[in-house]
Structure formats: C-alpha cells, structure tokens
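Peer 1: Handing you a structure now.
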Amino acid sequence: MPPIRDVAVIAFGQTDHRRTSDELSEVEMLMPVLHEVLDSTGLRTSDIDFTCSGSSDYLAGRAFSFTMALDGVGAWPPISESHVEMDGAWALYEAWTKLLTGEADTALVYAYGKSSPGSVRDVLTRQLDPYYVAPLWPDSVALAALQARALIDAGDTDEPALAGVAARSRASAAANSHAQLRSPVGQGDYLVRPLRTGDCPPVGDGAAAVILAAGERARELCGRPAWIRGIDHRIEAHSLGVRDLTDSPSTRLAAERAGAFERPVDTAELHAPFTSQEVVLRKALRLGDDVDVNPSGGALAANPVMVAGLVRIGEAAARIHRGASDRALAHATSGPCLQQNLVAVLEGDPR
Amino acid sequence: MPEVLKAPLVVEFPFTRSLGPVQSAFLTGLRERVVLGVRTTDGRTLVPPVEYDPVTADELRDLVEVAPTGTVTTWAWNHAPRRGQPLGTPFAWVLVRFDGADTALLHALDAPGPDSVRTGMRVRVRWAGERSGAITDIACFEPYDGGPGTPAGPTGHDGSFTDPVTGIVAPARLDYVYSPGRAQSAHLQALSERRTVGERCPSCRKVYVPPRGACPTCGVATTEQVEVGPRGTVTTYCIVNIKARNLDIEVPYVYAHIALDGADLALHGRIGGIPYDQVRMGLRVEPVWTEDGRHPDHYRPAGEPDAEYETYKELL
C-alpha cells in the first residue's frame, strides 16, 4: 500500500561527537540539538504533535534513563511521546508511521548515547542471546572480526581494501565539523584480527535530532523537504552460526520494500561501524561506484551508539535540503554483524 | 565551571532464566558431554539447537546427537582477552560446525597463535572439569587432527535425561564511571558546603531543586543558580512501616515531600525529631546534617508556626 500522505525530514541537527562529554548529563548534551532543529523550522515545543526518542539504559547504566532526557523537550503539560530502546532511526520509523496515520502533522525524533561512562564493547554483549552467547562475553569488535574473516575467506575483500574504506571515510569526514575523527588515523595494530583499530569506529558520545512534517506543512517549514519515499526494516536470525555473514539479505529486502531499487540513488549514507560491513552493505544494496557513499564520513568517523543510524538519515536528508542530492538512501543497523537493518529512501522535489 | 564529579558505578545482576525443552536438553547434554542438535522439517540439523526454525518458523523438538568434533567456518584472533571470556590467554573466537550439523556454534579455540588457525581447520570440544548445564561446560575448542568423530553411543542420544537442568543463572557485571553532568555536579558540590542550590528557568522563572539542567515544562536550559532553604515546608508525607534492608532507621518513620524556601519543586527527605504521628502538612522543618554526610540526614521541626495551605498548595 502506498503511503497515504507524504512525510518529509525537514530539519536535522547533531552534536559534535566526542570521546567524552562527562561535563554534561544526557539532557544537557541533547538540549542544544533540540533547539537547533526547532529554531531552524521556527517551531516551538508546543507545536510538536509527536515526540519519539531512541537510547539505551545499558549505555547509561541506569534504568529508565530516557525519562531524564524528556526534560529537554518540555514534557509538561503532557505530550504524546514514545521511546525505543534502539537507535533513533527506529524512533524515526515509529514517528513516520504516526504521521502516516494522520494523527500528527509534525514529529520530533531524537537520540542520544554516551558511551564514555562504560566500556561499550562489554556493554553490547548484553544484547546477545543470553543462553548460548552472552555468557561467553564476545565483544562487538570480536563479532565484527568474525564477519571480516568470512568476507576475506570468500574473496569479497582483503585487508588493504578494508584500509581503503577506512581512509576514504576519514578523509570524507574532513568536511564534517561534527565528526569525531576528521583526518587519516592509520590502520594501527590489530584489535581483534583481522580488524585493526582503523577498521573500527571511534567510541564517543553524541546526540542528534530530526523533525518530520507531513504534506503542505513540510513545504511551509522547509525550503526543500527530504520526502521519505519508503522505509522498511528487517531482521535476521539471532544465531550468528545460522547466517551467511558475507551477505545481508535483511538489508536487501528492506531496500526493496523501501523502493530503493526502483531508480538509482546518488547518495548512500550507510551505518557501517566496521570497514568490513561497508563491503557487505554495498553488495546487498547493489551500490555502484557512481554512488557517493558516506560523504559525511559515516560511522567510522563518528559512532555515537543509538544515534549513528539516525545521523545517517539526517545526513542524507541534509544533503537533499541543501541541493547536494536528489535521491538518497539511508541505512541504519543494530545488533551484531548487521543483524537488524533499516533502509530509508529520501527524495527532494524535482529541480 | 566547577569541577565535574565522577564516581565508579557497578551494575551487577544475576539473571535467572528458564529453559524450554530444547535448550534444556542441549545444556543438560553439555553437562553429560553430549552435543545435541535439533532436526528441522527439511532435514537440516541446527547446533546450537533452537525451538523454532529460523527459516520456516516450524516448531522443532527432534533432538539428535552430533559428534564433539567439527570444522571452523570463520575465526578471529583475540590477543587481549577481556573479563568473562572463555580463556584468559590469547585465543581465537571461532564459529564451529559440528560434524553432523548444518549450522555453527560460537566459542573459543585454544591455539598457540593466529598462524595456527585457519578456516576449515578441524577442532574438538575440550570439556570443562566441572559442568553444570551451561554453554561454559564447553571450556573451549582445541585443534584436532582426525576426521569426523562419532557420537558416544552407537545409536546416538535422543535428548532424554533423568535429571535435566531447567534453568541457568546468567551473572552480568558492567562497570561505569558515572558523571552527573554540570547542573547536578554544582548541586552536589554546594551540598558539600551544606548549601542547597537549585536552578531557575529563564522562561517560567521556576526554581528546580535538585536541578537537572533543563526545565521540564519549557524544555530550555536552566542556568541561573539560586540558593534555597535551608528551611522548608512539609507538603505531603507518608508513614513507613517496613524496615528496609541495610537501612538503620527504626520504623515507623515519616518520609515527606519538603518544599525548601525559594524552591518551586518539593524534594523528599525523612522527618525526625518529632513523633511520627504528629507530622502534618504545613509543618516547618530544617535540615539536620551528620558529621560526614554529603546531604542532610533528615529534617526536623524548625519550631515555627505551620505554613498556611495557600502558600504551598501549588507545590503538592
């Protein structure tokens, strides 16, 4: 069924992503970004029909941590609000469906994550199968390294090619003032072989916010709305040993259902925290060399956990807003080895 | 900006999890040094076994034994083991497809170095000395030169055990360094000088204590610091009759919402120095500090006439 009304990303803001931000609480880190997107549209908090956020208690080490961040959106008198314990890209998906129902015309979507208080490699083990896998504490880099080895064995890539992905991403980030790594970092030593530090994302803190609006409201508030032509998200089997780690059928299916293959895209913002994952995603999404992949630098330049996926949608939309793209694909992932994948297709009005 | 406070924060939880029929059989099997898989309706054997086919969603209950030997399908060399991981010395993470299985299991391989590991290498289970019915009953894998091993019995095991494990306890521990951020750090630092500091919203002018850095009504940053108290008014209260573990306070006692003078939000604290059944709304109180306390131990009557209801009804 086609969407019953058009919905667009009309504003995007993000913090400067940094290794630590311990002088700020989550809400203190988030609030300037919320005001940035509100100010850029002229909307006030009371104009927002629906608010949805993404974050994780495991990063904060505290139950119901998102309730503190709600202070930043003016939650009194009561607002229509929801939260996903996931990357903000999934919060955006929820907000998009809310706008499609016609119950809301505007939505504020935000996400935040501070990895600096804990050890994110250990924290992420808690999302694994609690019976067979989590008791072994395989960290996120180790699981990505298993996938990288599978790709190398399959002849899909090699270590120099992965280094090339890393170098290109960090070079692209030079033009992104928000990125954490904005210059070549070198491949460094093995972290978990075959992945070197250069193949892995920086650990950091950050927040991002997006405003969605439907139909004519979007045109009133934004010079060139980034229309969401489709979004879909799919998941693969929980058990890593059941999957072909060199492929991402869930990404391909999500892209197909989002309409990504109907016409070529000029830009792709891929949420690939590890170099090897870009190899998988390029194949699954059939991206040719003519597509500008991660002009922002991607997650290899800044990977605030629970935020980086929403940033991909925001970066793709921002390129449409400023006329640097006409049709862009944005991808977000969650879970080990690209377990869950979301694909959005964004378009600007014809010029 | 004042110094930002930091403190270690440890989150530990022992999750008790029940096992279904398939996971119970698999983990009991590990305890008995038997590796079990589950047969799918189209004839594949999944190890580790699951209760529902990840492809067809068929319910799976047909347990079959596979050999304790297998083949590495992918691997990663971990030169710096982390807390909780299967081996304390450098090892390879491996996905191993057991002989007789069609899928692979994640575990550790004890090997001398990365040059001795390759995809396709043969491995076998090294059993843990003490086994309880958990994935860690497999201590790790080790290199193995032989061909496919055979299951222990000639007909294989069907997954029936006389004393099956029905649950696991999965302990977890995560370490953090907690930092409360700018507003709460300032609040805590003022408390160390026995002052209570809130922050005023620039928009609605309300003073929040303790401050969180944002006005929840206006959604804007609160930055102007305002000293409140030390005295305040009991706005509402309850009588606690259950003794909390690790808390050395005689019951019954009174826990109250206290609107400090100058604050637009009540905070909570214990009321002492007065019989519990004489505490009342409007009672004027003052903080009592202990020698090394970082916040008031409790509040006691200030010896003033009660506050009129009209003066605090907005703060209830």
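Please note that chains go A, B, ... in the order of the structure tokens, that every chain numbers its residues from 1, and that ligands are numbered from 1 in the order shown.
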Taking 5 positions as the minimum chain separation for residues in the same chain, which residues sit within 12 Å of Gln225 (chain B) when counting only C-alpha atoms? Answer as an NGL selection string.
Peer 2: :B and (182-184 or 186-187 or 190 or 195-202 or 205-213 or 262-263)
Peer 1: Could you work out which residues of chain B fall inside 6 Å of chain A? Count only C-alpha atoms, and format the result as a list in words.
Peer 2: Val4, Pro54, Thr74, Trp75, Ala76, Trp77, Asn78, Gly84, Gln85, Pro86, Thr103, Ala104, Leu105, Ile135, Asp175, Tyr176, Val177, Tyr178, Ser179, Pro180, Gly181, Arg182, Ala214, Pro216, Thr217, Cys218 and Gly219 of chain B
Peer 1: Between CA of Gly298 (chain A) and CA of Asp6 (chain A), what is the distance in Å, rounded to a tenth?
Peer 2: 27.3 Å
Peer 1: By how many Å are CA of Ser172 (chain A) and CA of Thr251 (chain A) apart?
Peer 2: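 A separation of 23.9 Å between them.
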Peer 1: Give the answer as one residue: which of B:Glu32, B:Glu193, B:Asp115, B:Glu65 has the shortest atom-to-atom distance to Trp289 (chain B), using only C-alpha atoms?
Peer 2: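 Comparing B:Glu32, B:Glu193, B:Asp115, B:Glu65 against Trp289 (chain B), the winner is B:Glu193.
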